[in-house]
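For reference, structure_2.tsv (TSV, C-alpha atoms and all ligand atoms):
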chain	number	residue	atom	x	y	z
A	1	MET	CA	-11.97	50.66	-55.99
A	2	ALA	CA	-13.99	48.26	-53.84
A	3	GLN	CA	-13.48	48.50	-50.11
A	4	ILE	CA	-11.20	45.92	-48.57
A	5	TYR	CA	-12.18	45.04	-45.01
A	6	ASP	CA	-9.78	44.00	-42.28
A	7	MET	CA	-12.36	41.48	-41.15
A	8	ILE	CA	-15.71	39.95	-41.96
A	9	ILE	CA	-17.48	38.29	-39.04
A	10	ILE	CA	-20.07	35.75	-40.17
A	11	GLY	CA	-22.87	35.33	-37.63
A	12	SER	CA	-24.06	37.46	-34.74
A	13	GLY	CA	-24.66	34.97	-31.97
A	14	PRO	CA	-22.63	35.34	-28.77
A	15	ALA	CA	-19.36	34.45	-30.52
A	16	GLY	CA	-19.85	36.87	-33.42
A	17	LEU	CA	-21.02	39.69	-31.15
A	18	SER	CA	-18.11	39.25	-28.77
A	19	ALA	CA	-15.74	39.26	-31.76
A	20	ALA	CA	-17.49	42.43	-33.00
A	21	ILE	CA	-16.91	44.18	-29.65
A	22	TYR	CA	-13.23	43.24	-29.57
A	23	ALA	CA	-12.76	44.13	-33.24
A	24	ALA	CA	-14.35	47.54	-32.68
A	25	ARG	CA	-12.10	48.18	-29.70
A	26	ALA	CA	-9.09	47.17	-31.81
A	27	LYS	CA	-10.25	49.72	-34.44
A	28	LEU	CA	-10.43	47.06	-37.13
A	29	ASP	CA	-12.40	47.86	-40.24
A	30	ALA	CA	-14.91	45.07	-39.73
A	31	ILE	CA	-18.46	44.19	-40.67
A	32	VAL	CA	-20.75	41.60	-39.07
A	33	ILE	CA	-22.93	39.68	-41.50
A	34	GLU	CA	-26.02	38.04	-40.00
A	35	GLN	CA	-28.72	36.23	-41.94
A	36	ASN	CA	-31.48	36.86	-39.37
A	37	TYR	CA	-33.10	40.18	-38.65
A	38	VAL	CA	-32.26	39.76	-34.96
A	39	SER	CA	-28.94	38.96	-33.34
A	40	GLY	CA	-28.25	36.54	-30.52
A	41	GLY	CA	-28.19	33.23	-32.41
A	42	GLN	CA	-29.48	30.20	-30.54
A	43	VAL	CA	-29.75	32.21	-27.32
A	44	ILE	CA	-32.90	33.94	-28.47
A	45	ASN	CA	-34.70	30.58	-28.35
A	46	THR	CA	-34.31	30.15	-24.64
A	47	TYR	CA	-36.71	31.62	-22.14
A	48	GLU	CA	-34.22	32.09	-19.36
A	49	VAL	CA	-30.44	31.92	-19.16
A	50	ASP	CA	-29.29	31.01	-15.67
A	51	ASN	CA	-25.60	30.41	-16.10
A	52	TYR	CA	-24.12	33.53	-17.65
A	53	PRO	CA	-22.14	35.48	-15.04
A	54	GLY	CA	-23.71	38.74	-13.95
A	55	LEU	CA	-27.01	38.31	-15.80
A	56	PRO	CA	-28.87	35.59	-13.85
A	57	GLY	CA	-32.29	34.66	-15.14
A	58	MET	CA	-32.12	36.91	-18.17
A	59	ASN	CA	-34.50	36.14	-21.01
A	60	GLY	CA	-32.55	34.78	-24.00
A	61	PHE	CA	-34.03	37.25	-26.45
A	62	ASP	CA	-33.11	40.17	-24.18
A	63	MET	CA	-29.62	38.79	-23.77
A	64	GLY	CA	-29.12	38.64	-27.55
A	65	ASN	CA	-30.37	42.21	-27.79
A	66	THR	CA	-28.12	43.40	-24.97
A	67	PHE	CA	-25.04	41.86	-26.61
A	68	ARG	CA	-26.00	43.39	-29.95
A	69	GLU	CA	-26.59	46.85	-28.44
A	70	HIS	CA	-23.26	46.66	-26.68
A	71	ALA	CA	-21.49	45.84	-29.96
A	72	GLY	CA	-23.39	48.64	-31.71
A	73	LYS	CA	-22.37	51.16	-29.04
A	74	MET	CA	-18.73	50.18	-29.51
A	75	GLY	CA	-19.09	51.00	-33.21
A	76	ALA	CA	-19.65	47.57	-34.75
A	77	VAL	CA	-21.22	47.65	-38.21
A	78	PHE	CA	-23.91	45.10	-39.14
A	79	SER	CA	-25.54	43.94	-42.32
A	80	GLN	CA	-28.41	41.51	-42.71
A	81	GLU	CA	-27.31	39.10	-45.42
A	82	LYS	CA	-26.89	35.38	-45.82
A	83	VAL	CA	-23.37	34.24	-46.59
A	84	GLU	CA	-23.47	31.77	-49.45
A	85	SER	CA	-19.80	31.04	-50.01
A	86	ILE	CA	-16.30	32.08	-49.17
A	87	GLN	CA	-13.43	31.92	-51.58
A	88	ILE	CA	-9.84	31.53	-50.54
A	89	GLU	CA	-6.73	31.35	-52.66
A	90	SER	CA	-5.15	27.95	-52.51
A	91	ASP	CA	-1.78	29.16	-51.21
A	92	GLN	CA	-3.49	30.06	-47.97
A	93	VAL	CA	-4.52	26.53	-47.17
A	94	LYS	CA	-1.80	24.86	-45.15
A	95	GLN	CA	-1.15	21.46	-46.62
A	96	THR	CA	0.95	19.27	-44.36
A	97	GLU	CA	4.68	19.22	-43.80
A	98	ASP	CA	5.32	22.51	-45.64
A	99	ALA	CA	2.62	24.22	-43.60
A	100	GLN	CA	4.94	26.80	-42.09
A	101	LEU	CA	6.47	27.69	-45.44
A	102	GLN	CA	3.05	28.10	-46.99
A	103	ALA	CA	1.87	30.18	-44.06
A	104	ALA	CA	4.85	32.48	-44.47
A	105	GLU	CA	4.19	32.81	-48.20
A	106	SER	CA	0.56	33.63	-47.63
A	107	ARG	CA	1.52	36.27	-45.07
A	108	GLN	CA	3.86	37.87	-47.59
A	109	SER	CA	1.31	37.83	-50.36
A	110	GLY	CA	-1.38	39.14	-48.03
A	111	SER	CA	-3.84	37.58	-50.42
A	112	LEU	CA	-7.49	38.41	-50.00
A	113	LYS	CA	-10.53	36.38	-49.21
A	114	LYS	CA	-13.94	36.81	-50.79
A	115	VAL	CA	-17.22	36.52	-48.91
A	116	VAL	CA	-20.21	36.11	-51.20
A	117	THR	CA	-23.68	36.76	-49.79
A	118	ASP	CA	-27.18	36.79	-51.24
A	119	LYS	CA	-26.75	40.56	-51.75
A	120	ASN	CA	-23.06	41.44	-52.04
A	121	GLU	CA	-19.53	40.33	-52.58
A	122	TYR	CA	-16.93	41.46	-50.04
A	123	GLU	CA	-13.15	41.45	-50.06
A	124	THR	CA	-11.45	40.99	-46.74
A	125	LYS	CA	-8.10	40.20	-45.17
A	126	THR	CA	-9.57	37.97	-42.45
A	127	ILE	CA	-12.76	36.04	-41.77
A	128	VAL	CA	-14.16	35.12	-38.37
A	129	ILE	CA	-16.61	32.26	-38.73
A	130	ALA	CA	-19.25	32.40	-35.98
A	131	THR	CA	-22.07	30.50	-37.67
A	132	GLY	CA	-22.89	28.33	-34.65
A	133	ALA	CA	-24.78	25.07	-34.66
A	134	ARG	CA	-28.27	23.67	-34.64
A	135	HIS	CA	-29.72	20.77	-32.69
A	136	SER	CA	-30.80	17.64	-34.50
A	137	LYS	CA	-34.50	17.20	-34.19
A	138	LEU	CA	-36.60	14.06	-33.90
A	139	GLY	CA	-39.15	15.35	-36.38
A	140	ILE	CA	-42.10	13.88	-34.49
A	141	PRO	CA	-45.53	15.41	-33.79
A	142	GLY	CA	-45.55	17.81	-30.86
A	143	GLU	CA	-41.82	18.49	-30.91
A	144	GLU	CA	-41.92	21.82	-32.73
A	145	LYS	CA	-45.13	23.03	-31.07
A	146	LEU	CA	-43.87	22.35	-27.52
A	147	SER	CA	-40.30	23.54	-28.05
A	148	GLY	CA	-39.57	25.84	-25.09
A	149	MET	CA	-42.73	24.56	-23.38
A	150	GLY	CA	-41.25	21.40	-21.97
A	151	VAL	CA	-39.30	20.28	-25.02
A	152	SER	CA	-35.65	21.24	-24.63
A	153	TYR	CA	-32.37	20.52	-26.39
A	154	CYS	CA	-30.18	21.71	-23.53
A	155	ALA	CA	-30.32	20.08	-20.08
A	156	THR	CA	-27.55	22.31	-18.72
A	157	CYS	CA	-29.63	25.32	-19.70
A	158	ASP	CA	-33.18	24.25	-18.86
A	159	GLY	CA	-32.80	21.42	-16.33
A	160	ALA	CA	-33.38	23.70	-13.31
A	161	PHE	CA	-36.94	24.38	-14.50
A	162	PHE	CA	-37.80	20.70	-13.93
A	163	LYS	CA	-36.77	20.39	-10.27
A	164	ASP	CA	-38.71	17.53	-8.60
A	165	LYS	CA	-40.55	16.78	-11.85
A	166	THR	CA	-40.54	13.81	-14.21
A	167	VAL	CA	-38.68	14.09	-17.49
A	168	ALA	CA	-37.61	11.93	-20.42
A	169	VAL	CA	-34.24	12.10	-22.17
A	170	VAL	CA	-34.14	10.85	-25.75
A	171	GLY	CA	-30.76	9.57	-26.96
A	172	GLY	CA	-28.01	7.15	-26.01
A	173	GLY	CA	-24.71	8.94	-26.61
A	174	ASP	CA	-22.44	10.80	-24.20
A	175	VAL	CA	-24.53	13.98	-24.24
A	176	ALA	CA	-27.80	12.13	-23.57
A	177	VAL	CA	-26.28	10.19	-20.69
A	178	GLU	CA	-24.60	13.27	-19.21
A	179	ASP	CA	-27.93	15.08	-19.48
A	180	ALA	CA	-29.73	12.20	-17.77
A	181	ILE	CA	-27.20	12.10	-14.91
A	182	PHE	CA	-27.46	15.87	-14.50
A	183	LEU	CA	-31.27	15.74	-14.53
A	184	SER	CA	-31.43	12.77	-12.13
A	185	ARG	CA	-29.90	15.00	-9.46
A	186	LEU	CA	-32.67	17.55	-9.88
A	187	CYS	CA	-35.73	15.65	-10.99
A	188	LYS	CA	-38.02	13.18	-9.28
A	189	LYS	CA	-37.70	10.69	-12.13
A	190	VAL	CA	-35.84	10.44	-15.42
A	191	TYR	CA	-36.71	8.09	-18.27
A	192	VAL	CA	-33.96	7.47	-20.82
A	193	ILE	CA	-35.43	6.46	-24.17
A	194	HIS	CA	-32.94	4.74	-26.45
A	195	ARG	CA	-33.46	2.93	-29.73
A	196	ARG	CA	-31.02	0.11	-28.94
A	197	ASP	CA	-30.50	-2.30	-26.07
A	198	GLU	CA	-27.22	-0.73	-25.06
A	199	LEU	CA	-25.93	2.80	-24.84
A	200	ARG	CA	-23.28	4.33	-27.07
A	201	ALA	CA	-22.00	6.51	-24.23
A	202	ALA	CA	-18.65	5.99	-22.48
A	203	LYS	CA	-18.69	3.13	-19.98
A	204	ALA	CA	-17.80	5.40	-17.05
A	205	LEU	CA	-20.83	7.55	-17.82
A	206	GLN	CA	-23.04	4.50	-18.13
A	207	GLU	CA	-21.95	3.28	-14.71
A	208	LYS	CA	-22.82	6.64	-13.19
A	209	LEU	CA	-26.18	6.63	-14.91
A	210	PHE	CA	-27.12	3.12	-13.82
A	211	ALA	CA	-26.21	4.03	-10.22
A	212	GLN	CA	-29.00	6.63	-10.11
A	213	GLU	CA	-32.06	5.13	-8.45
A	214	ASN	CA	-34.53	7.50	-10.10
A	215	VAL	CA	-33.48	6.65	-13.68
A	216	GLU	CA	-35.53	4.16	-15.70
A	217	MET	CA	-34.20	2.92	-19.02
A	218	VAL	CA	-36.66	2.51	-21.87
A	219	TRP	CA	-34.67	0.22	-24.16
A	220	ASP	CA	-35.23	-0.57	-27.84
A	221	SER	CA	-37.62	2.31	-28.11
A	222	ILE	CA	-38.15	5.43	-30.14
A	223	ALA	CA	-40.22	8.48	-29.29
A	224	THR	CA	-43.11	8.85	-31.71
A	225	GLU	CA	-45.15	11.75	-30.32
A	226	ILE	CA	-44.95	14.43	-27.63
A	227	HIS	CA	-48.25	15.44	-26.06
A	228	GLY	CA	-49.48	18.65	-24.46
A	229	GLU	CA	-51.27	21.86	-25.28
A	230	THR	CA	-49.29	24.65	-23.61
A	231	GLN	CA	-46.86	22.37	-21.73
A	232	VAL	CA	-45.57	18.84	-22.21
A	233	THR	CA	-47.75	16.26	-20.49
A	234	ALA	CA	-46.64	12.92	-21.97
A	235	ILE	CA	-44.56	11.16	-24.59
A	236	THR	CA	-45.45	8.11	-26.67
A	237	VAL	CA	-42.71	5.54	-27.22
A	238	GLU	CA	-42.70	2.58	-29.56
A	239	ASN	CA	-40.70	-0.59	-29.02
A	240	VAL	CA	-38.73	-1.13	-32.24
A	241	LYS	CA	-38.75	-4.92	-31.79
A	242	ASP	CA	-42.37	-5.78	-31.03
A	243	LYS	CA	-43.91	-2.45	-32.21
A	244	SER	CA	-45.84	-2.08	-28.94
A	245	GLN	CA	-46.55	1.48	-27.83
A	246	LYS	CA	-46.83	3.09	-24.41
A	247	GLU	CA	-47.35	6.57	-23.07
A	248	LEU	CA	-45.11	7.96	-20.35
A	249	VAL	CA	-46.44	10.83	-18.25
A	250	VAL	CA	-43.69	13.47	-18.18
A	251	ASP	CA	-43.31	17.22	-17.59
A	252	GLY	CA	-40.38	17.64	-19.90
A	253	VAL	CA	-38.59	15.99	-22.83
A	254	PHE	CA	-34.85	16.54	-23.36
A	255	ILE	CA	-33.76	15.65	-26.86
A	256	ALA	CA	-30.07	14.79	-27.19
A	257	VAL	CA	-29.74	13.10	-30.53
A	258	GLY	CA	-26.84	15.24	-31.71
A	259	ILE	CA	-26.08	18.76	-32.80
A	260	ILE	CA	-25.14	19.83	-36.29
A	261	PRO	CA	-22.54	22.54	-36.89
A	262	ASN	CA	-23.42	25.22	-39.44
A	263	SER	CA	-20.24	24.47	-41.33
A	264	GLU	CA	-21.54	23.21	-44.68
A	265	LEU	CA	-20.51	26.46	-46.38
A	266	PHE	CA	-16.87	25.92	-45.58
A	267	LYS	CA	-16.65	22.28	-46.59
A	268	GLY	CA	-13.54	21.52	-48.62
A	269	LEU	CA	-11.88	24.78	-47.55
A	270	VAL	CA	-11.63	24.67	-43.79
A	271	ASP	CA	-10.70	21.41	-42.07
A	272	THR	CA	-13.37	19.76	-39.96
A	273	ASP	CA	-13.46	16.85	-37.57
A	274	GLU	CA	-15.50	13.76	-38.39
A	275	ARG	CA	-18.69	15.43	-37.09
A	276	GLY	CA	-18.30	18.53	-39.25
A	277	TYR	CA	-16.97	20.96	-36.60
A	278	LEU	CA	-14.32	23.34	-37.91
A	279	THR	CA	-11.00	22.25	-36.50
A	280	ALA	CA	-9.52	24.99	-34.32
A	281	GLY	CA	-8.09	25.35	-30.85
A	282	GLU	CA	-8.58	28.05	-28.26
A	283	ASP	CA	-6.78	30.59	-30.45
A	284	CYS	CA	-9.47	29.89	-33.09
A	285	ARG	CA	-6.91	29.42	-35.91
A	286	THR	CA	-8.04	27.09	-38.70
A	287	ASN	CA	-5.91	25.44	-41.37
A	288	VAL	CA	-6.50	28.52	-43.53
A	289	GLU	CA	-4.37	31.56	-42.77
A	290	GLY	CA	-6.53	34.50	-41.75
A	291	VAL	CA	-9.68	32.41	-41.21
A	292	PHE	CA	-10.77	31.86	-37.62
A	293	ALA	CA	-13.47	29.60	-36.19
A	294	THR	CA	-15.32	30.64	-33.05
A	295	GLY	CA	-18.16	29.45	-30.85
A	296	ASP	CA	-20.32	26.39	-31.37
A	297	VAL	CA	-19.08	25.77	-34.91
A	298	ARG	CA	-15.55	24.89	-33.77
A	299	THR	CA	-14.17	21.75	-32.13
A	300	LYS	CA	-14.45	22.17	-28.37
A	301	GLN	CA	-15.57	20.52	-25.17
A	302	LEU	CA	-18.44	22.71	-24.03
A	303	ARG	CA	-20.83	24.63	-26.26
A	304	GLN	CA	-22.33	27.43	-24.19
A	305	ILE	CA	-22.70	31.20	-24.30
A	306	VAL	CA	-19.77	31.78	-22.02
A	307	THR	CA	-17.39	29.69	-24.15
A	308	ALA	CA	-18.68	31.26	-27.39
A	309	VAL	CA	-18.07	34.73	-26.00
A	310	SER	CA	-14.59	33.70	-24.94
A	311	ASP	CA	-13.84	32.46	-28.48
A	312	GLY	CA	-14.99	35.77	-29.95
A	313	ALA	CA	-12.40	37.59	-27.86
A	314	ASN	CA	-9.62	35.08	-28.54
A	315	SER	CA	-10.21	35.16	-32.29
A	316	ILE	CA	-9.60	38.90	-32.43
A	317	THR	CA	-6.31	38.63	-30.54
A	318	THR	CA	-5.16	35.95	-32.98
A	319	ALA	CA	-6.46	37.89	-35.99
A	320	GLN	CA	-4.69	41.06	-34.87
A	321	GLU	CA	-1.44	39.15	-34.67
A	322	TYR	CA	-2.03	37.82	-38.20
A	323	LEU	CA	-2.91	41.27	-39.57
A	324	LEU	CA	0.22	42.73	-37.99
A	325	HIS	CA	2.38	40.39	-40.06
A	326	LEU	CA	0.64	40.88	-43.39
A	401	LIG	P1	-25.11	30.71	-32.50
A	401	LIG	O1	-25.75	31.18	-31.27
A	401	LIG	O2	-25.62	29.47	-33.14
A	401	LIG	O3	-25.15	31.91	-33.57
A	401	LIG	C1	-24.78	31.72	-34.90
A	401	LIG	C2	-25.32	32.88	-35.73
A	401	LIG	O4	-24.79	32.76	-37.04
A	401	LIG	C3	-26.84	32.85	-35.87
A	401	LIG	O5	-27.37	34.12	-35.54
A	401	LIG	C4	-27.08	32.50	-37.33
A	401	LIG	O6	-28.24	33.09	-37.88
A	401	LIG	C5	-25.82	33.06	-37.99
A	401	LIG	N1	-25.51	32.40	-39.25
A	401	LIG	C6	-25.37	31.07	-39.47
A	401	LIG	N2	-25.09	30.82	-40.77
A	401	LIG	C7	-25.06	32.05	-41.39
A	401	LIG	C8	-24.85	32.48	-42.74
A	401	LIG	N3	-24.60	31.58	-43.72
A	401	LIG	N4	-24.88	33.79	-43.03
A	401	LIG	C9	-25.12	34.71	-42.05
A	401	LIG	N5	-25.35	34.36	-40.75
A	401	LIG	C10	-25.32	33.05	-40.43
A	401	LIG	N6	-26.02	28.27	-23.42
A	401	LIG	C11	-25.81	28.75	-22.17
A	401	LIG	O7	-24.68	29.08	-21.82
A	401	LIG	N7	-26.86	28.93	-21.33
A	401	LIG	C12	-28.15	28.64	-21.65
A	401	LIG	O8	-29.06	28.81	-20.84
A	401	LIG	C13	-28.39	28.14	-22.96
A	401	LIG	N8	-29.65	27.83	-23.35
A	401	LIG	C14	-29.85	27.34	-24.61
A	401	LIG	C15	-31.16	27.03	-24.98
A	401	LIG	C16	-31.41	26.57	-26.25
A	401	LIG	C17	-32.83	26.27	-26.63
A	401	LIG	C18	-30.34	26.39	-27.17
A	401	LIG	C19	-30.62	25.90	-28.55
A	401	LIG	C20	-29.03	26.66	-26.78
A	401	LIG	C21	-28.77	27.13	-25.50
A	401	LIG	N9	-27.48	27.42	-25.08
A	401	LIG	C22	-27.27	27.95	-23.82
A	401	LIG	C23	-26.30	27.23	-25.96
A	401	LIG	C24	-25.88	28.59	-26.57
A	401	LIG	O9	-27.02	29.23	-27.09
A	401	LIG	C25	-24.81	28.41	-27.63
A	401	LIG	O10	-23.70	27.76	-27.09
A	401	LIG	C26	-24.37	29.76	-28.21
A	401	LIG	O11	-25.47	30.47	-28.73
A	401	LIG	C27	-23.34	29.59	-29.31
A	401	LIG	O12	-23.05	30.84	-29.84
A	401	LIG	P2	-22.46	31.01	-31.31
A	401	LIG	O13	-22.31	32.48	-31.51
A	401	LIG	O14	-21.28	30.15	-31.48
A	401	LIG	O15	-23.56	30.43	-32.31
When written as structure tokens, how does the structure in this file appear?
Amino acid sequence: MAQIYDMIIIGSGPAGLSAAIYAARAKLDAIVIEQNYVSGGQVINTYEVDNYPGLPGMNGFDMGNTFREHAGKMGAVFSQEKVESIQIESDQVKQTEDAQLQAAESRQSGSLKKVVTDKNEYETKTIVIATGARHSKLGIPGEEKLSGMGVSYCATCDGAFFKDKTVAVVGGGDVAVEDAIFLSRLCKKVYVIHRRDELRAAKALQEKLFAQENVEMVWDSIATEIHGETQVTAITVENVKDKSQKELVVDGVFIAVGIIPNSELFKGLVDTDERGYLTAGEDCRTNVEGVFATGDVRTKQLRQIVTAVSDGANSITTAQEYLLHL
């Protein structure tokens, strides 16, 4: 008979690895499925992590490795596979007013979930989704080449490297404006490049931004090219109204045009918010009994390593409670 796991953890970024450590300590029969040959998720793309307690200045790749080694030492089991679908029996999806009744029924039935990968098919009692997110890209020349060499998608993470320098922020939503305010306190000058003549960000944020003397708005403009060989040196912007172009001399470009959750796989099964994030609170419970959402893929205020790691731990506590009542 095929093995039935207590838990399948999908993804081995900080959330998945933290879940793996807690699951191993709880002696759950769990397996971590990761599509990449290295663990660490988005963290491995950053040169230096400055805000994770106890590990200041650690290289992102090393941090991913350290987390993975820790999980391995605790007994976590890994497999390199890409999850292609999950299947859940319909009685496990809470509908609306009879949610509690349905939840109770699904607990009694203890019905299984299937995780289908490019190599295997697994049966499991619970699933921890830790598939993370990816940043939207501009798709312009220079962006890919200079990523990590002046092009960044995370001001909170990389801003400190641009102290007293000149940077550009591309975007006009809350994140872009928050990034620009944050950077204006560190940098000599901050350009904010936005395709419209007004920002989408909350008014309170806009007021704060406009109060910064070292911020210059570049309205009605899109970035068309990022220049530099081994480090960003300039960015070309085009005015969308009169098509005129100009080059701004900058040391860094922060792109904040949105992030995309890796939640496509779960569409139609697990509830999402309007931006595609899996709907779950701090206990990581989704609308589907026995399926938990952790880290960047879930609805939350701050997407960072420390909050992803926290989710990994919380999800196991909630999952253990669920397993206890099966
Ligand atoms: P992720 O790190 O995104 O990991 C998800 C994992 O799931 C990946 O390994 C992926 O391969 C795997 N996966 C996805 N889909 C599948 C599938 N179908 N099958 C199998 N596996 C799958 N945060 C900080 O706190 N400090 C920083 O300094 C910092 N710097 C950053 C720099 C950069 C360039 C970026 C992009 C982010 C940075 N962040 C930083 C944010 C931080 O990396 C994330 O908040 C954190 O990694 C989220 O962890 P996660 O486990 O939820 O998801």
(request) Would you please work out which residue, of A:Ile260, A:Ile235, A:Cys157, A:Leu112, is nearest to ligand LIG 401 (chain A) when using only C-alpha atoms and all ligand atoms? (result)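 Among A:Ile260, A:Ile235, A:Cys157, A:Leu112, it is A:Cys157 that comes nearest to ligand LIG 401 (chain A).
Ranking A:Arg298, A:Lys188, A:Arg68, A:Lys208 by their shortest atom-to-atom distance to Val128 in chain A, with all atoms listed in the file included, puts A:Arg298 first.
Distance check against Lys241 in chain A using all atoms listed in the file: of A:Trp219, A:Tyr52, A:Phe254, A:Tyr122, the minimum falls on A:Trp219.
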(request) Do a neighbour search on Val167 in chain A at 8 Å with all atoms listed in the file, toss out local chain neighbours closer than 6 positions, and write the hits as a VMD selection string. (result) chain A and resid 187 189 to 191 250 to 254
(request) Would you work out the distance separating CA of Ala234 in chain A from atom N7 of ligand LIG 401 (chain A), expressed in Å to one decimal? (result) 25.5 Å
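The smallest atom-to-atom distance between ligand LIG 401 (chain A) and any of A:Cys284, A:Ala211, A:Val83, A:Leu17, using all atoms listed in the file, is found for A:Val83.
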(request) Calculate how many Å separate CA of Asn51 in chain A from atom C12 of ligand LIG 401 (chain A), rounding to one decimal. (result)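 Computing the Euclidean distance for CA of Asn51 in chain A and atom C12 of ligand LIG 401 (chain A) yields 6.4 Å.
Comparing the minimum interatomic distances between ligand LIG 401 (chain A) and each of A:Val249, A:Ile127, A:Met58, A:Leu138, counting all atoms listed in the file, we find that A:Met58 sits nearest.
Distance-wise, CA of Gly13 in chain A and CA of Ile181 in chain A end up 28.6 Å apart.
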(request) Using only C-alpha atoms, find the one residue out of A:Ala160, A:Leu186, A:Ile8, A:Ala15 that sits nearest to Ser310 in chain A. (result)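 Going through A:Ala160, A:Leu186, A:Ile8, A:Ala15 one by one, the smallest distance to Ser310 in chain A is for A:Ala15.
These residues, each with an atom at most 8 Å from (-17.1, 44.6, -34.0) using only C-alpha atoms, are Leu17, Ser18, Ala19, Ala20, Ile21, Tyr22, Ala23, Ala24, Arg25, Leu28, Ala30, Ile31, Val32, Ala71, Gly72, Met74, Gly75, Ala76 and Val77 of chain A.
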(request) Mind checking which residues fall within 9 Å of Glu282 in chain A, counting all atoms listed in the file, ignoring those fewer than 2 positions away in the same chain, and posting them as a list in words? (result) Ala280, Cys284, Arg285, Thr294, Lys300, Ser310, Asp311, Asn314 and Ser315 of chain A
May I have the residues from that selection written out with C-alpha atoms, as a PDB file, in the frame of the given file?
ATOM      1  CA  ALA A 280      -9.520  24.990 -34.320  1.00  0.00           C
ATOM      2  CA  CYS A 284      -9.470  29.890 -33.090  1.00  0.00           C
ATOM      3  CA  ARG A 285      -6.910  29.420 -35.910  1.00  0.00           C
ATOM      4  CA  THR A 294     -15.320  30.640 -33.050  1.00  0.00           C
ATOM      5  CA  LYS A 300     -14.450  22.170 -28.370  1.00  0.00           C
ATOM      6  CA  SER A 310     -14.590  33.700 -24.940  1.00  0.00           C
ATOM      7  CA  ASP A 311     -13.840  32.460 -28.480  1.00  0.00           C
ATOM      8  CA  ASN A 314      -9.620  35.080 -28.540  1.00  0.00           C
ATOM      9  CA  SER A 315     -10.210  35.160 -32.290  1.00  0.00           C
TER      10      SER A 315
END
(message) Need to verify the contact set: range 302-308 of chain A, 12 Å, only C-alpha atoms, exclusion of same-chain residues closer than 6 positions in sequence. Can you return it as a ChimeraX atom specification?
(response) /A:11-19,40-44,46,49-55,60,63-64,67,129-135,154-157,175,259-261,277,282,284,293-296,314-315
Take the selection from the previous step and output its residues with C-alpha atoms, as a compact mmCIF listing (two decimals), in the frame of the given file.
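Here's the written file selection.txt:
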# COMPACT_ATOMS: atom_id res chain seq x y z
CA GLY A 11 -22.87 35.33 -37.63
CA SER A 12 -24.06 37.46 -34.74
CA GLY A 13 -24.66 34.97 -31.97
CA PRO A 14 -22.63 35.34 -28.77
CA ALA A 15 -19.36 34.45 -30.52
CA GLY A 16 -19.85 36.87 -33.42
CA LEU A 17 -21.02 39.69 -31.15
CA SER A 18 -18.11 39.25 -28.77
CA ALA A 19 -15.74 39.26 -31.76
CA GLY A 40 -28.25 36.54 -30.52
CA GLY A 41 -28.19 33.23 -32.41
CA GLN A 42 -29.48 30.20 -30.54
CA VAL A 43 -29.75 32.21 -27.32
CA ILE A 44 -32.90 33.94 -28.47
CA THR A 46 -34.31 30.15 -24.64
CA VAL A 49 -30.44 31.92 -19.16
CA ASP A 50 -29.29 31.01 -15.67
CA ASN A 51 -25.60 30.41 -16.10
CA TYR A 52 -24.12 33.53 -17.65
CA PRO A 53 -22.14 35.48 -15.04
CA GLY A 54 -23.71 38.74 -13.95
CA LEU A 55 -27.01 38.31 -15.80
CA GLY A 60 -32.55 34.78 -24.00
CA MET A 63 -29.62 38.79 -23.77
CA GLY A 64 -29.12 38.64 -27.55
CA PHE A 67 -25.04 41.86 -26.61
CA ILE A 129 -16.61 32.26 -38.73
CA ALA A 130 -19.25 32.40 -35.98
CA THR A 131 -22.07 30.50 -37.67
CA GLY A 132 -22.89 28.33 -34.65
CA ALA A 133 -24.78 25.07 -34.66
CA ARG A 134 -28.27 23.67 -34.64
CA HIS A 135 -29.72 20.77 -32.69
CA CYS A 154 -30.18 21.71 -23.53
CA ALA A 155 -30.32 20.08 -20.08
CA THR A 156 -27.55 22.31 -18.72
CA CYS A 157 -29.63 25.32 -19.70
CA VAL A 175 -24.53 13.98 -24.24
CA ILE A 259 -26.08 18.76 -32.80
CA ILE A 260 -25.14 19.83 -36.29
CA PRO A 261 -22.54 22.54 -36.89
CA TYR A 277 -16.97 20.96 -36.60
CA GLU A 282 -8.58 28.05 -28.26
CA CYS A 284 -9.47 29.89 -33.09
CA ALA A 293 -13.47 29.60 -36.19
CA THR A 294 -15.32 30.64 -33.05
CA GLY A 295 -18.16 29.45 -30.85
CA ASP A 296 -20.32 26.39 -31.37
CA ASN A 314 -9.62 35.08 -28.54
CA SER A 315 -10.21 35.16 -32.29
With a distance cut-off of 8 Å and all atoms listed in the file, select the neighbouring residues of Glu81 in chain A, excluding the residue or stretch itself and same-chain residues fewer than 2 positions from it, and output the selection as a CSV table (one decimal) with C-alpha atoms, keeping the file's coordinate frame.
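Heads up, here's the output in around-v3.csv:
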chain,number,residue,atom,x,y,z
A,33,ILE,CA,-22.9,39.7,-41.5
A,34,GLU,CA,-26.0,38.0,-40.0
A,35,GLN,CA,-28.7,36.2,-41.9
A,36,ASN,CA,-31.5,36.9,-39.4
A,79,SER,CA,-25.5,43.9,-42.3
A,83,VAL,CA,-23.4,34.2,-46.6
A,117,THR,CA,-23.7,36.8,-49.8
A,118,ASP,CA,-27.2,36.8,-51.2
A,119,LYS,CA,-26.8,40.6,-51.8
(message) At a cut-off of 10 Å, using only C-alpha atoms, what residues contact Arg196 in chain A? Leave out same-chain residues fewer than 3 positions from it and give the result as a count of residues only.
(response) 13
